[in-house]
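Chemist: my_file_32.cif is reproduced in full below (mmCIF, C-alpha atoms).
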```
data_coords
#
loop_
_atom_site.label_atom_id
_atom_site.label_comp_id
_atom_site.auth_asym_id
_atom_site.auth_seq_id
_atom_site.Cartn_x
_atom_site.Cartn_y
_atom_site.Cartn_z
CA MET A 1 86.50 61.50 94.65
CA HIS A 2 87.55 62.37 91.08
CA VAL A 3 89.09 59.39 89.25
CA PHE A 4 90.79 59.80 85.86
CA LYS A 5 90.44 57.15 83.15
CA ASP A 6 94.20 57.26 82.44
CA ARG A 7 97.11 59.69 82.15
CA THR A 8 95.97 60.87 78.71
CA GLU A 9 92.59 61.97 80.06
CA ALA A 10 94.27 63.60 83.06
CA GLY A 11 96.59 65.52 80.74
CA ARG A 12 93.75 66.80 78.61
CA GLU A 13 91.78 67.95 81.65
CA LEU A 14 94.88 69.64 83.05
CA ALA A 15 95.56 71.36 79.74
CA ARG A 16 92.15 73.01 79.81
CA VAL A 17 93.05 75.00 82.93
CA LEU A 18 96.49 75.96 81.65
CA THR A 19 95.43 77.81 78.50
CA ARG A 20 96.52 81.17 79.94
CA PHE A 21 100.14 79.97 79.63
CA ARG A 22 99.91 79.49 75.86
CA GLY A 23 102.65 81.54 74.20
CA PRO A 24 106.09 81.42 72.57
CA ASP A 25 107.98 81.51 75.89
CA THR A 26 106.40 78.42 77.49
CA VAL A 27 108.13 75.03 77.77
CA VAL A 28 106.41 71.93 79.20
CA LEU A 29 108.57 69.57 81.27
CA GLY A 30 107.34 66.08 82.10
CA LEU A 31 108.71 63.98 84.94
CA PRO A 32 109.71 60.54 83.60
CA ARG A 33 108.18 58.24 83.42
CA GLY A 34 104.53 58.64 84.42
CA GLY A 35 104.43 62.41 84.11
CA VAL A 36 105.41 62.42 80.43
CA PRO A 37 102.06 61.16 78.98
CA VAL A 38 100.29 63.87 81.01
CA ALA A 39 102.81 66.50 79.92
CA PHE A 40 102.46 65.45 76.26
CA GLU A 41 98.77 66.36 76.26
CA VAL A 42 99.53 69.70 77.91
CA ALA A 43 102.29 70.49 75.40
CA VAL A 44 100.06 69.60 72.43
CA SER A 45 97.24 71.77 73.74
CA LEU A 46 99.50 74.76 74.44
CA GLY A 47 101.54 74.36 71.24
CA ALA A 48 104.64 74.30 73.43
CA PRO A 49 107.87 72.30 73.25
CA LEU A 50 107.99 69.14 75.39
CA ASP A 51 111.05 68.10 77.36
CA VAL A 52 111.78 66.15 80.55
CA ILE A 53 113.44 66.78 83.87
CA VAL A 54 114.86 63.49 85.12
CA VAL A 55 114.44 62.95 88.85
CA ARG A 56 114.47 59.97 91.21
CA LYS A 57 112.57 59.61 94.44
CA LEU A 58 114.54 58.55 97.53
CA GLY A 59 112.10 56.12 99.13
CA VAL A 60 112.19 55.06 102.77
CA PRO A 61 113.88 51.61 102.71
CA PHE A 62 110.95 49.75 104.30
CA GLN A 63 108.24 51.82 102.52
CA GLN A 64 109.43 52.70 99.04
CA GLU A 65 106.35 54.75 98.14
CA LEU A 66 107.09 57.17 100.98
CA ALA A 67 109.64 59.73 99.78
CA MET A 68 112.27 61.02 102.19
CA GLY A 69 113.75 63.13 99.41
CA ALA A 70 114.63 63.15 95.73
CA ILE A 71 117.56 63.77 93.39
CA GLY A 72 117.75 65.21 89.89
CA GLU A 73 119.99 66.19 87.01
CA ASN A 74 122.98 68.43 87.67
CA GLY A 75 123.46 67.12 91.21
CA VAL A 76 120.32 68.71 92.71
CA ARG A 77 118.99 67.05 95.89
CA VAL A 78 116.02 67.75 98.18
CA VAL A 79 115.61 66.06 101.59
CA ASP A 80 112.34 65.86 103.51
CA ASP A 81 113.73 66.11 107.02
CA ARG A 82 110.36 65.41 108.64
CA VAL A 83 109.82 62.11 106.81
CA ARG A 84 113.42 61.10 107.32
CA SER A 85 113.27 61.83 111.05
CA LEU A 86 109.95 60.06 111.63
CA SER A 87 111.07 56.99 109.67
CA GLY A 88 114.33 56.72 111.64
CA VAL A 89 116.51 56.30 108.54
CA THR A 90 120.23 56.45 109.39
CA GLU A 91 122.90 58.35 107.45
CA ARG A 92 124.24 55.08 106.09
CA GLU A 93 120.80 53.88 104.96
CA PHE A 94 120.09 57.22 103.33
CA GLY A 95 123.45 57.13 101.52
CA LEU A 96 122.82 53.64 100.16
CA VAL A 97 119.41 54.64 98.80
CA GLU A 98 120.84 57.77 97.21
CA HIS A 99 123.74 55.88 95.62
CA ARG A 100 121.38 53.30 94.10
CA GLU A 101 118.97 55.91 92.77
CA ARG A 102 121.82 58.09 91.45
CA GLU A 103 123.00 55.21 89.25
CA VAL A 104 119.49 54.76 87.85
CA LEU A 105 119.13 58.50 87.28
CA GLU A 106 122.43 58.84 85.44
CA ALA A 107 121.60 55.89 83.18
CA ARG A 108 118.22 57.40 82.33
CA VAL A 109 119.72 60.83 81.67
CA ALA A 110 122.28 59.27 79.32
CA GLN A 111 119.56 57.39 77.43
CA ILE A 112 117.27 60.37 76.98
CA ARG A 113 119.93 62.98 76.28
CA ALA A 114 121.57 60.71 73.67
CA VAL A 115 118.53 61.32 71.46
CA ARG A 116 117.02 64.49 72.85
CA ALA A 117 118.89 67.73 73.39
CA PRO A 118 117.46 69.72 76.32
CA GLU A 119 115.19 72.69 75.70
CA ASP A 120 116.61 76.11 76.52
CA LEU A 121 114.76 77.35 79.62
CA ASN A 122 116.54 80.68 79.95
CA GLY A 123 113.93 83.38 80.51
CA LYS A 124 111.05 80.98 79.79
CA THR A 125 107.96 79.86 81.70
CA ALA A 126 108.59 76.24 82.67
CA ILE A 127 105.48 74.14 83.37
CA VAL A 128 106.60 71.08 85.36
CA VAL A 129 104.06 68.26 84.95
CA ASP A 130 103.64 64.96 86.81
CA ASP A 131 100.78 62.47 87.04
CA GLY A 132 100.30 63.46 90.68
CA ILE A 133 102.20 64.27 93.87
CA ALA A 134 102.17 62.65 97.29
CA THR A 135 104.89 64.13 99.50
CA GLY A 136 106.00 66.44 96.67
CA SER A 137 109.72 65.67 97.01
CA THR A 138 110.20 64.67 93.38
CA ALA A 139 108.32 67.71 92.10
CA ARG A 140 110.31 70.01 94.40
CA VAL A 141 113.57 68.79 92.86
CA ALA A 142 112.18 69.21 89.35
CA CYS A 143 111.10 72.80 90.05
CA THR A 144 114.48 73.54 91.63
CA ILE A 145 116.26 72.21 88.54
CA ALA A 146 114.06 74.24 86.19
CA ARG A 147 114.90 77.37 88.17
CA ALA A 148 118.62 76.54 88.11
CA LEU A 149 118.44 76.15 84.32
CA GLY A 150 117.27 79.74 83.95
CA ALA A 151 113.48 79.54 83.93
CA ALA A 152 112.01 82.95 84.73
CA ARG A 153 108.81 81.41 86.06
CA VAL A 154 108.13 77.87 87.29
CA ILE A 155 104.61 76.40 87.36
CA LEU A 156 103.88 72.98 88.87
CA ALA A 157 100.86 71.34 87.20
CA VAL A 158 99.44 68.01 88.41
CA PRO A 159 96.06 66.29 88.16
CA VAL A 160 95.95 65.28 91.83
CA GLY A 161 97.73 65.85 95.13
CA PRO A 162 97.15 66.29 98.88
CA LYS A 163 95.86 69.70 99.87
CA ASP A 164 98.56 70.38 102.48
CA VAL A 165 101.38 69.68 100.02
CA VAL A 166 99.78 71.69 97.21
CA GLY A 167 99.28 74.64 99.54
CA ASP A 168 102.89 74.67 100.77
CA PHE A 169 105.11 74.53 97.71
CA ALA A 170 107.71 77.30 97.80
CA GLU A 171 109.77 75.87 94.92
CA ALA A 172 107.13 76.88 92.33
CA ASP A 173 105.70 80.31 91.57
CA GLU A 174 102.28 78.69 91.21
CA VAL A 175 100.74 75.25 91.64
CA VAL A 176 97.86 74.11 89.42
CA CYS A 177 96.15 70.99 90.77
CA LEU A 178 92.79 69.66 89.59
CA SER A 179 91.91 67.59 92.63
CA THR A 180 93.01 67.63 96.30
CA PRO A 181 91.14 64.70 97.90
CA SER A 182 91.28 63.74 101.56
CA PRO A 183 92.37 61.24 102.67
CA PHE A 184 95.00 60.97 99.95
CA ARG A 185 97.16 57.84 100.41
CA ALA A 186 98.57 57.20 96.86
CA VAL A 187 98.41 58.78 93.38
CA GLY A 188 97.45 55.50 91.70
CA ARG A 189 94.12 55.38 93.56
CA PHE A 190 92.88 58.25 91.41
CA TYR A 191 93.39 56.49 88.05
CA ASN A 192 91.45 53.57 86.58
CA ASP A 193 94.49 52.77 84.43
CA PHE A 194 97.77 53.49 86.20
CA SER A 195 99.90 51.03 84.25
CA ALA A 196 103.62 51.64 84.04
CA THR A 197 105.10 53.99 81.43
CA SER A 198 108.24 52.55 79.81
CA ASP A 199 111.42 54.34 78.74
CA GLU A 200 110.42 53.56 75.14
CA ASP A 201 107.07 55.27 75.74
CA VAL A 202 108.89 58.37 77.01
CA LEU A 203 111.16 58.54 73.97
CA HIS A 204 108.23 57.96 71.61
CA LEU A 205 106.24 60.82 73.16
CA LEU A 206 109.22 63.18 73.03
CA ASP A 207 109.74 62.31 69.38
CA ALA A 208 106.04 62.70 68.56
CA ALA A 209 106.00 66.11 70.24
CA ALA A 210 109.08 67.22 68.32
CA ARG A 211 107.52 66.22 64.98
CA ARG A 212 104.47 68.44 65.42
CA PRO A 213 104.16 71.35 62.98
CA VAL A 214 105.57 74.61 64.35
CA PRO A 215 102.65 76.69 65.68
CA ALA A 216 102.09 79.96 63.81
CA SER A 217 102.76 81.91 67.03
CA ARG A 218 106.26 80.43 67.18
CA SER A 219 107.27 80.50 63.53
CA LYS A 220 108.62 83.51 61.72
CA GLY A 221 107.10 82.56 58.40
CA PRO A 222 105.03 79.84 56.72
CA ALA A 223 105.02 76.50 58.54
CA PRO A 224 107.74 74.12 57.30
CA ARG A 225 106.84 71.07 55.23
CA HIS A 226 107.47 67.83 57.07
CA GLU A 227 106.83 64.65 55.11
CA ASP A 228 108.11 61.22 54.21
CA VAL A 229 109.36 61.06 50.62
CA LEU A 230 110.18 58.39 48.04
CA ILE A 231 113.08 59.05 45.66
CA PRO A 232 113.59 56.84 42.55
CA VAL A 233 117.28 56.15 42.04
CA ASP A 234 118.96 53.60 39.73
CA GLY A 235 115.96 51.30 39.51
CA VAL A 236 115.26 51.32 43.27
CA THR A 237 113.30 53.65 45.49
CA ILE A 238 114.99 55.11 48.54
CA GLN A 239 113.07 56.59 51.44
CA GLY A 240 113.59 59.87 53.23
CA SER A 241 112.16 62.22 55.85
CA LEU A 242 112.08 65.81 54.63
CA HIS A 243 111.75 68.93 56.78
CA LEU A 244 111.65 72.01 54.58
CA PRO A 245 111.21 75.59 55.79
CA ALA A 246 110.07 78.26 53.34
CA THR A 247 113.65 79.43 52.85
CA ALA A 248 117.12 78.51 54.21
CA GLY A 249 119.60 75.79 53.41
CA VAL A 250 119.04 72.04 53.65
CA VAL A 251 121.27 69.47 55.34
CA VAL A 252 121.14 65.99 53.81
CA PHE A 253 121.93 63.15 56.23
CA ALA A 254 123.86 60.05 55.17
CA HIS A 255 123.60 57.33 57.83
CA GLY A 256 126.22 54.76 58.71
CA SER A 257 126.09 50.99 58.42
CA GLY A 258 123.39 49.36 60.52
CA SER A 259 121.49 52.65 60.85
CA SER A 260 118.61 54.33 59.02
CA ARG A 261 116.71 57.56 58.66
CA HIS A 262 115.09 56.65 61.99
CA SER A 263 118.45 56.84 63.79
CA PRO A 264 117.64 58.52 67.13
CA ARG A 265 121.05 60.21 67.22
CA ASN A 266 120.81 61.75 63.78
CA ARG A 267 117.18 62.71 64.40
CA ALA A 268 118.29 64.50 67.57
CA VAL A 269 120.91 66.43 65.60
CA ALA A 270 118.34 67.16 62.86
CA ARG A 271 115.97 68.71 65.41
CA VAL A 272 118.69 71.10 66.56
CA LEU A 273 119.35 72.12 62.95
CA GLN A 274 115.62 72.57 62.38
CA ASP A 275 115.41 74.79 65.48
CA ALA A 276 118.12 76.92 63.88
CA GLY A 277 115.91 77.40 60.81
CA LEU A 278 117.60 74.84 58.54
CA GLY A 279 115.93 72.19 56.42
CA THR A 280 116.85 68.51 56.78
CA LEU A 281 116.56 65.41 54.61
CA LEU A 282 117.26 62.11 56.39
CA LEU A 283 117.83 59.30 53.90
CA ASP A 284 118.01 55.52 53.66
CA LEU A 285 120.56 55.18 50.89
CA LEU A 286 119.88 51.45 50.50
CA SER A 287 116.69 49.50 49.98
CA PRO A 288 115.65 47.09 52.78
CA ASP A 289 117.02 44.14 50.78
CA GLU A 290 120.32 45.88 50.08
CA GLU A 291 120.78 46.65 53.76
CA LEU A 292 121.12 42.91 54.35
CA GLU A 293 124.07 42.71 51.94
CA ARG A 294 127.41 43.47 53.59
CA ARG A 295 128.90 44.30 50.18
CA ALA A 296 126.34 47.06 49.61
CA VAL A 297 126.66 48.45 53.15
CA PHE A 298 130.38 49.13 52.62
CA ASP A 299 130.17 50.10 48.94
CA ILE A 300 131.05 53.77 49.44
CA GLY A 301 130.83 54.52 45.73
CA LEU A 302 127.28 53.15 45.61
CA LEU A 303 126.24 55.09 48.72
CA ALA A 304 127.77 58.27 47.30
CA SER A 305 125.99 57.87 43.97
CA ARG A 306 122.67 57.48 45.77
CA LEU A 307 123.42 60.55 47.89
CA SER A 308 124.25 62.58 44.78
CA ALA A 309 121.05 61.41 43.07
CA ALA A 310 118.95 62.37 46.10
CA THR A 311 120.64 65.78 46.11
CA ASP A 312 119.80 66.22 42.43
CA TRP A 313 116.18 65.26 43.19
CA LEU A 314 116.09 67.89 45.93
CA ARG A 315 117.49 70.55 43.63
CA ALA A 316 115.23 69.55 40.73
CA GLY A 317 112.10 70.75 42.42
CA ALA A 318 111.50 69.19 45.81
CA ALA A 319 113.20 72.14 47.53
CA GLY A 320 111.01 74.62 45.66
CA VAL A 321 113.77 77.23 45.40
CA GLU A 322 117.53 77.12 44.92
CA ARG A 323 119.11 76.59 48.32
CA PRO A 324 122.56 75.96 49.76
CA ILE A 325 122.99 72.28 50.60
CA GLY A 326 125.17 70.58 53.19
CA TYR A 327 125.93 66.96 54.05
CA PHE A 328 125.92 65.40 57.51
CA GLY A 329 127.46 61.94 57.50
CA ALA A 330 127.89 59.36 60.27
CA SER A 331 130.31 56.41 60.17
CA THR A 332 130.36 55.03 56.59
CA GLY A 333 127.82 57.70 55.66
CA ALA A 334 130.52 60.30 56.26
CA ALA A 335 132.72 58.61 53.68
CA ALA A 336 129.81 58.67 51.21
CA ALA A 337 129.21 62.37 51.93
CA LEU A 338 132.84 63.27 51.27
CA TRP A 339 132.99 61.03 48.19
CA SER A 340 129.90 62.74 46.77
CA ALA A 341 131.15 66.24 47.70
CA ALA A 342 134.38 65.53 45.80
CA ASP A 343 132.53 65.16 42.51
CA PRO A 344 133.62 67.92 40.07
CA ASP A 345 129.99 68.92 39.51
CA ALA A 346 129.03 68.86 43.19
CA ARG A 347 127.64 72.08 44.59
CA ILE A 348 127.87 71.21 48.26
CA ASP A 349 128.39 74.12 50.62
CA ALA A 350 129.44 72.33 53.83
CA VAL A 351 130.11 68.84 55.20
CA VAL A 352 130.01 67.56 58.79
CA SER A 353 131.22 64.09 59.78
CA ARG A 354 130.11 62.53 63.10
CA GLY A 355 132.28 59.64 64.22
CA GLY A 356 132.94 59.19 60.53
CA ARG A 357 135.19 56.99 58.42
CA PRO A 358 136.63 59.56 55.98
CA ASP A 359 139.53 57.16 55.42
CA LEU A 360 137.16 55.05 53.29
CA ALA A 361 137.13 57.94 50.79
CA ILE A 362 140.82 58.77 51.22
CA GLN A 363 141.60 58.84 47.49
CA ARG A 364 138.99 61.56 46.89
CA LEU A 365 139.53 63.81 49.91
CA GLY A 366 141.88 66.14 48.06
CA ALA A 367 139.09 67.00 45.61
CA VAL A 368 136.57 68.06 48.30
CA ARG A 369 135.99 71.82 48.09
CA ALA A 370 133.20 72.21 50.69
CA PRO A 371 134.31 73.37 54.18
CA THR A 372 134.47 70.18 56.25
CA LEU A 373 134.10 69.59 59.99
CA LEU A 374 135.23 66.26 61.45
CA ILE A 375 133.73 65.46 64.89
CA VAL A 376 135.20 62.52 66.81
CA GLY A 377 134.89 61.23 70.37
CA GLY A 378 138.03 61.56 72.45
CA ALA A 379 137.66 57.96 73.66
CA ASP A 380 137.09 56.63 70.11
CA ARG A 381 140.84 56.30 69.65
CA GLN A 382 141.06 54.25 66.47
CA VAL A 383 138.56 56.40 64.59
CA LEU A 384 140.23 59.52 65.96
CA GLU A 385 143.54 58.51 64.38
CA LEU A 386 141.78 57.74 61.09
CA ASN A 387 140.23 61.21 61.12
CA ARG A 388 143.57 62.87 61.89
CA GLU A 389 145.08 61.13 58.90
CA ALA A 390 142.11 62.09 56.72
CA ALA A 391 142.40 65.73 57.77
CA ARG A 392 145.94 65.76 56.37
CA HIS A 393 144.53 64.85 52.94
CA LEU A 394 141.88 67.56 52.91
CA THR A 395 142.77 70.75 51.05
CA CYS A 396 139.43 72.51 51.67
CA PRO A 397 138.84 74.62 54.80
CA ASN A 398 138.51 72.01 57.54
CA ARG A 399 138.61 71.46 61.28
CA LEU A 400 138.82 68.44 63.57
CA GLU A 401 136.75 68.75 66.75
CA ILE A 402 137.21 66.22 69.58
CA VAL A 403 134.40 65.69 72.11
CA PRO A 404 136.26 64.82 75.35
CA GLY A 405 135.46 61.40 76.81
CA ALA A 406 132.98 60.45 74.09
CA THR A 407 132.97 57.01 72.49
CA HIS A 408 131.95 56.12 68.94
CA LEU A 409 128.17 56.52 69.41
CA PHE A 410 128.42 59.63 71.62
CA GLU A 411 126.25 57.95 74.27
CA GLU A 412 127.84 59.76 77.21
CA PRO A 413 125.82 62.54 78.93
CA GLY A 414 126.17 65.77 76.98
CA ALA A 415 128.21 64.23 74.15
CA LEU A 416 125.48 64.28 71.51
CA ASP A 417 124.52 67.79 72.61
CA ALA A 418 128.07 68.86 71.83
CA VAL A 419 127.88 67.23 68.39
CA ALA A 420 124.59 68.98 67.64
CA ARG A 421 125.93 72.39 68.65
CA LEU A 422 129.10 71.97 66.60
CA ALA A 423 127.14 70.84 63.53
CA ARG A 424 124.60 73.63 63.92
CA ASP A 425 127.27 76.32 64.15
CA TRP A 426 129.18 74.91 61.16
CA PHE A 427 126.11 74.78 58.93
CA VAL A 428 124.87 78.16 60.11
CA GLU A 429 128.24 79.67 59.19
CA HIS A 430 128.61 78.00 55.79
CA LEU A 431 125.03 77.67 54.58
CA GLY A 432 124.23 81.22 55.63
CA ALA A 433 120.68 80.38 56.68
CA ALA A 434 120.42 80.74 60.43
CA ALA A 435 118.29 83.83 60.70
CA VAL A 436 115.05 81.84 60.68
CA GLY A 437 115.66 80.04 63.97
CA GLY A 438 116.86 80.64 67.49
CA GLU A 439 119.95 79.84 69.44
CA GLY A 440 119.25 76.12 69.80
CA PRO A 441 120.30 74.32 72.95
CA ALA A 442 122.81 76.09 75.13
#
```
Could you take the file, read its structure, and then write that structure out as structure tokens?
Modeler:
Amino acid sequence: MHVFKDRTEAGRELARVLTRFRGPDTVVLGLPRGGVPVAFEVAVSLGAPLDVIVVRKLGVPFQQELAMGAIGENGVRVVDDRVRSLSGVTEREFGLVEHREREVLEARVAQIRAVRAPEDLNGKTAIVVDDGIATGSTARVACTIARALGAARVILAVPVGPKDVVGDFAEADEVVCLSTPSPFRAVGRFYNDFSATSDEDVLHLLDAAARRPVPASRSKGPAPRHEDVLIPVDGVTIQGSLHLPATAGVVVFAHGSGSSRHSPRNRAVARVLQDAGLGTLLLDLLSPDEELERRAVFDIGLLASRLSAATDWLRAGAAGVERPIGYFGASTGAAAALWSAADPDARIDAVVSRGGRPDLAIQRLGAVRAPTLLIVGGADRQVLELNREAARHLTCPNRLEIVPGATHLFEEPGALDAVARLARDWFVEHLGAAAVGGEGPA
């Protein structure tokens, strides 16, 4: 009986038999939670993007490990009629289990998609990875979802599973399984360390995968620089995360109060811009000590002066060549971006505000010349009215976009995706630097 040390080892062993799938049209999809550490190793080895397909097993009420079906994103459901019949589960019992698991699934989807836009699977080879399968119900749903999202080919890859399930899996074009022991019983028996994977672990692995350098086979030019930077400004040093392709414009991010360059929402938007071929610079405009001072947090003039100084630093040599520059501001950071863009010497080519407070720069809005996009959640009523009033003061080309049903942090499923697409399209249009990348998320 083959026993893996842990999910990392299982992923590395699995990756070794998947090398024939290495190529620009492969996407690796982990099943949260336990499948993601395995999928991470596969994605790293293949140089492929890593994403997740969120599914929930529908366990028999008196034997939770035994799956009578599973549900997934976009309303997909698979029922194992044999297990359900043998277990004697009634319609009412099945409905209660499904309702409970649907609530958990929707909460997990909202959490992950708030910081991670889904990979485009259209025409791609999707490798669905889990830490093992027992009845296969969860994996069947995941493969069905991948197919529904446009994958041209679906591969199920697992370290371990029962031979009869592996050999009868119509939902995938191919199943790759390292070990098919008999008797099988449970996946956890084949790992020395089968400790739980947390939601935080999943998000960390997704972020780590996204920060990898672009493989040469996927890039259309030299690999982008990706580094943490220190920028001296007014006697303090502010920190930033710089992603710089060989050419193309750069979008500088100004975060809102209580946030930082590590903001998962702004990092999710930045990844979409990077996929479109744009550079990004995520900044902490205040030092750690200043962030504790409420006066500094809401000092829009101070934030704007720091933003302008960081922009000058970028132009002075960090960018390497003269590039168009845009600002992406959130909350109070949006006010700082507009304040800075209104400077007579500013050479800012586009501004996007996400859930911003442009009213805090109201006296300077008329001087902004850069085309400006204001994005507000439809359920963020107070901020929406403030943005409508601000739009009346803008004389530059501008547009107000409302994301239906979204609140201030755009936490609702699909809301942040909408923000990322709107920002990408705005910057692509006005920075004129989209040719490097692809379409981004659909």
Chemist: Using all atoms listed in the file, which of A:Thr197, A:Asn192, A:Ser353, A:Thr237 sits nearest A:Phe253?
Modeler: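 Between A:Thr197, A:Asn192, A:Ser353, A:Thr237, the residue approaching A:Phe253 most closely is A:Ser353.
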Chemist: Record the distance separating atom CA of A:Thr144 and atom CA of A:Val28, expressed in Å with one decimal.
Modeler: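 One can read the atom CA of A:Thr144 to atom CA of A:Val28 distance as 14.9 Å.
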Chemist: Could you name the residues that touch A:Pro37 at 7 Å or less, counting all atoms listed in the file, but leaving out those on the same chain fewer than 3 positions away, as an mmCIF file with C-alpha atoms, in the coordinates of the input?
Modeler:
```cif
data_model
loop_
_atom_site.group_PDB
_atom_site.id
_atom_site.type_symbol
_atom_site.label_atom_id
_atom_site.label_comp_id
_atom_site.auth_asym_id
_atom_site.auth_seq_id
_atom_site.Cartn_x
_atom_site.Cartn_y
_atom_site.Cartn_z
ATOM 1 C CA ARG A 7 97.110 59.690 82.150
ATOM 2 C CA THR A 8 95.970 60.870 78.710
ATOM 3 C CA GLY A 34 104.530 58.640 84.420
ATOM 4 C CA PHE A 40 102.460 65.450 76.260
ATOM 5 C CA GLU A 41 98.770 66.360 76.260
#
```
Chemist: Using atom CA of A:Ala423 and atom CA of A:Gly75 as the two end points, give the distance in Å to one decimal.
Modeler: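 Between these atoms lies a distance of 28.2 Å.
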Chemist: Expand the PyMOL selection byres ((chain A and resi 431) around 10) into the individual residues it matches in the shown file, reporting them as a JSON list (two decimals) with C-alpha atoms, in the frame of the given file.
Modeler:
```
[["chain", "number", "residue", "atom", "x", "y", "z"],
["A", 248, "ALA", "CA", 117.12, 78.51, 54.21],
["A", 249, "GLY", "CA", 119.60, 75.79, 53.41],
["A", 250, "VAL", "CA", 119.04, 72.04, 53.65],
["A", 251, "VAL", "CA", 121.27, 69.47, 55.34],
["A", 278, "LEU", "CA", 117.60, 74.84, 58.54],
["A", 323, "ARG", "CA", 119.11, 76.59, 48.32],
["A", 324, "PRO", "CA", 122.56, 75.96, 49.76],
["A", 325, "ILE", "CA", 122.99, 72.28, 50.60],
["A", 326, "GLY", "CA", 125.17, 70.58, 53.19],
["A", 348, "ILE", "CA", 127.87, 71.21, 48.26],
["A", 349, "ASP", "CA", 128.39, 74.12, 50.62],
["A", 350, "ALA", "CA", 129.44, 72.33, 53.83],
["A", 425, "ASP", "CA", 127.27, 76.32, 64.15],
["A", 426, "TRP", "CA", 129.18, 74.91, 61.16],
["A", 427, "PHE", "CA", 126.11, 74.78, 58.93],
["A", 428, "VAL", "CA", 124.87, 78.16, 60.11],
["A", 429, "GLU", "CA", 128.24, 79.67, 59.19],
["A", 430, "HIS", "CA", 128.61, 78.00, 55.79],
["A", 432, "GLY", "CA", 124.23, 81.22, 55.63],
["A", 433, "ALA", "CA", 120.68, 80.38, 56.68],
["A", 434, "ALA", "CA", 120.42, 80.74, 60.43]]
```
Chemist: Residues picked by the PyMOL selection byres ((chain A and resi 389) around 12) here, as a PDB file with C-alpha atoms, in the coordinates of the input?
Modeler:
```pdb
ATOM      1  CA  ARG A 357     135.190  56.990  58.420  1.00  0.00           C
ATOM      2  CA  PRO A 358     136.630  59.560  55.980  1.00  0.00           C
ATOM      3  CA  ASP A 359     139.530  57.160  55.420  1.00  0.00           C
ATOM      4  CA  LEU A 360     137.160  55.050  53.290  1.00  0.00           C
ATOM      5  CA  ALA A 361     137.130  57.940  50.790  1.00  0.00           C
ATOM      6  CA  ILE A 362     140.820  58.770  51.220  1.00  0.00           C
ATOM      7  CA  LEU A 365     139.530  63.810  49.910  1.00  0.00           C
ATOM      8  CA  LEU A 374     135.230  66.260  61.450  1.00  0.00           C
ATOM      9  CA  GLN A 382     141.060  54.250  66.470  1.00  0.00           C
ATOM     10  CA  VAL A 383     138.560  56.400  64.590  1.00  0.00           C
ATOM     11  CA  LEU A 384     140.230  59.520  65.960  1.00  0.00           C
ATOM     12  CA  GLU A 385     143.540  58.510  64.380  1.00  0.00           C
ATOM     13  CA  LEU A 386     141.780  57.740  61.090  1.00  0.00           C
ATOM     14  CA  ASN A 387     140.230  61.210  61.120  1.00  0.00           C
ATOM     15  CA  ARG A 388     143.570  62.870  61.890  1.00  0.00           C
ATOM     16  CA  ALA A 390     142.110  62.090  56.720  1.00  0.00           C
ATOM     17  CA  ALA A 391     142.400  65.730  57.770  1.00  0.00           C
ATOM     18  CA  ARG A 392     145.940  65.760  56.370  1.00  0.00           C
ATOM     19  CA  HIS A 393     144.530  64.850  52.940  1.00  0.00           C
ATOM     20  CA  LEU A 394     141.880  67.560  52.910  1.00  0.00           C
ATOM     21  CA  LEU A 400     138.820  68.440  63.570  1.00  0.00           C
TER      22      LEU A 400
END
```
Chemist: Could you list the residues chosen by the PyMOL selection byres ((chain A and resi 143) around 8) in this structure as a list in words?
Modeler: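 This file gives the following for the PyMOL selection byres ((chain A and resi 143) around 8): Val128, Ala139, Arg140, Val141, Ala142, Thr144, Ile145, Ala146, Arg147, Val154, Ile155, Leu156, Glu171 and Ala172 of chain A.
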Chemist: Ranking A:Arg354, A:Arg271, A:Lys163, A:Arg189 by minimum distance to A:Cys177 and counting only C-alpha atoms, which one comes first?
Modeler: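 Of all the options, A:Lys163 lies closest to A:Cys177.
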Chemist: What does the distance from atom CA of A:Asn266 to atom CA of A:Val36 come to in Å, to one decimal?
Modeler: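 Between atom CA of A:Asn266 and atom CA of A:Val36 the gap is 22.7 Å.
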Chemist: Can you tell me, as a tab-separated table (two decimals) with C-alpha atoms, in the coordinates of the input, what residues are no more than 10 Å from A:Pro49 when counting all atoms listed in the file, ignoring any on the same chain fewer than 4 positions away?
Modeler:
```tsv
chain	number	residue	atom	x	y	z
A	24	PRO	CA	106.09	81.42	72.57
A	25	ASP	CA	107.98	81.51	75.89
A	26	THR	CA	106.40	78.42	77.49
A	27	VAL	CA	108.13	75.03	77.77
A	28	VAL	CA	106.41	71.93	79.20
A	29	LEU	CA	108.57	69.57	81.27
A	40	PHE	CA	102.46	65.45	76.26
A	42	VAL	CA	99.53	69.70	77.91
A	43	ALA	CA	102.29	70.49	75.40
A	44	VAL	CA	100.06	69.60	72.43
A	119	GLU	CA	115.19	72.69	75.70
A	206	LEU	CA	109.22	63.18	73.03
A	209	ALA	CA	106.00	66.11	70.24
A	210	ALA	CA	109.08	67.22	68.32
A	212	ARG	CA	104.47	68.44	65.42
A	214	VAL	CA	105.57	74.61	64.35
```
Chemist: Please identify all polymer residues lying at most 9 Å from the point (129.7, 57.3, 66.1) (file coordinates), using all atoms listed in the file, and present the result as a list in words.
Modeler: Gly256, Ala330, Ser331, Arg354, Gly355, Gly356, Val376, Gly377, Asp380, Thr407, His408, Leu409, Phe410 and Glu411 of chain A
Chemist: Give the answer as one residue: which of A:Val187, A:Ile133, A:Ala341, A:Ile127 has the shortest atom-to-atom distance to A:Gly30, using only C-alpha atoms?
Modeler: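 Comparing A:Val187, A:Ile133, A:Ala341, A:Ile127 against A:Gly30, the winner is A:Ile127.
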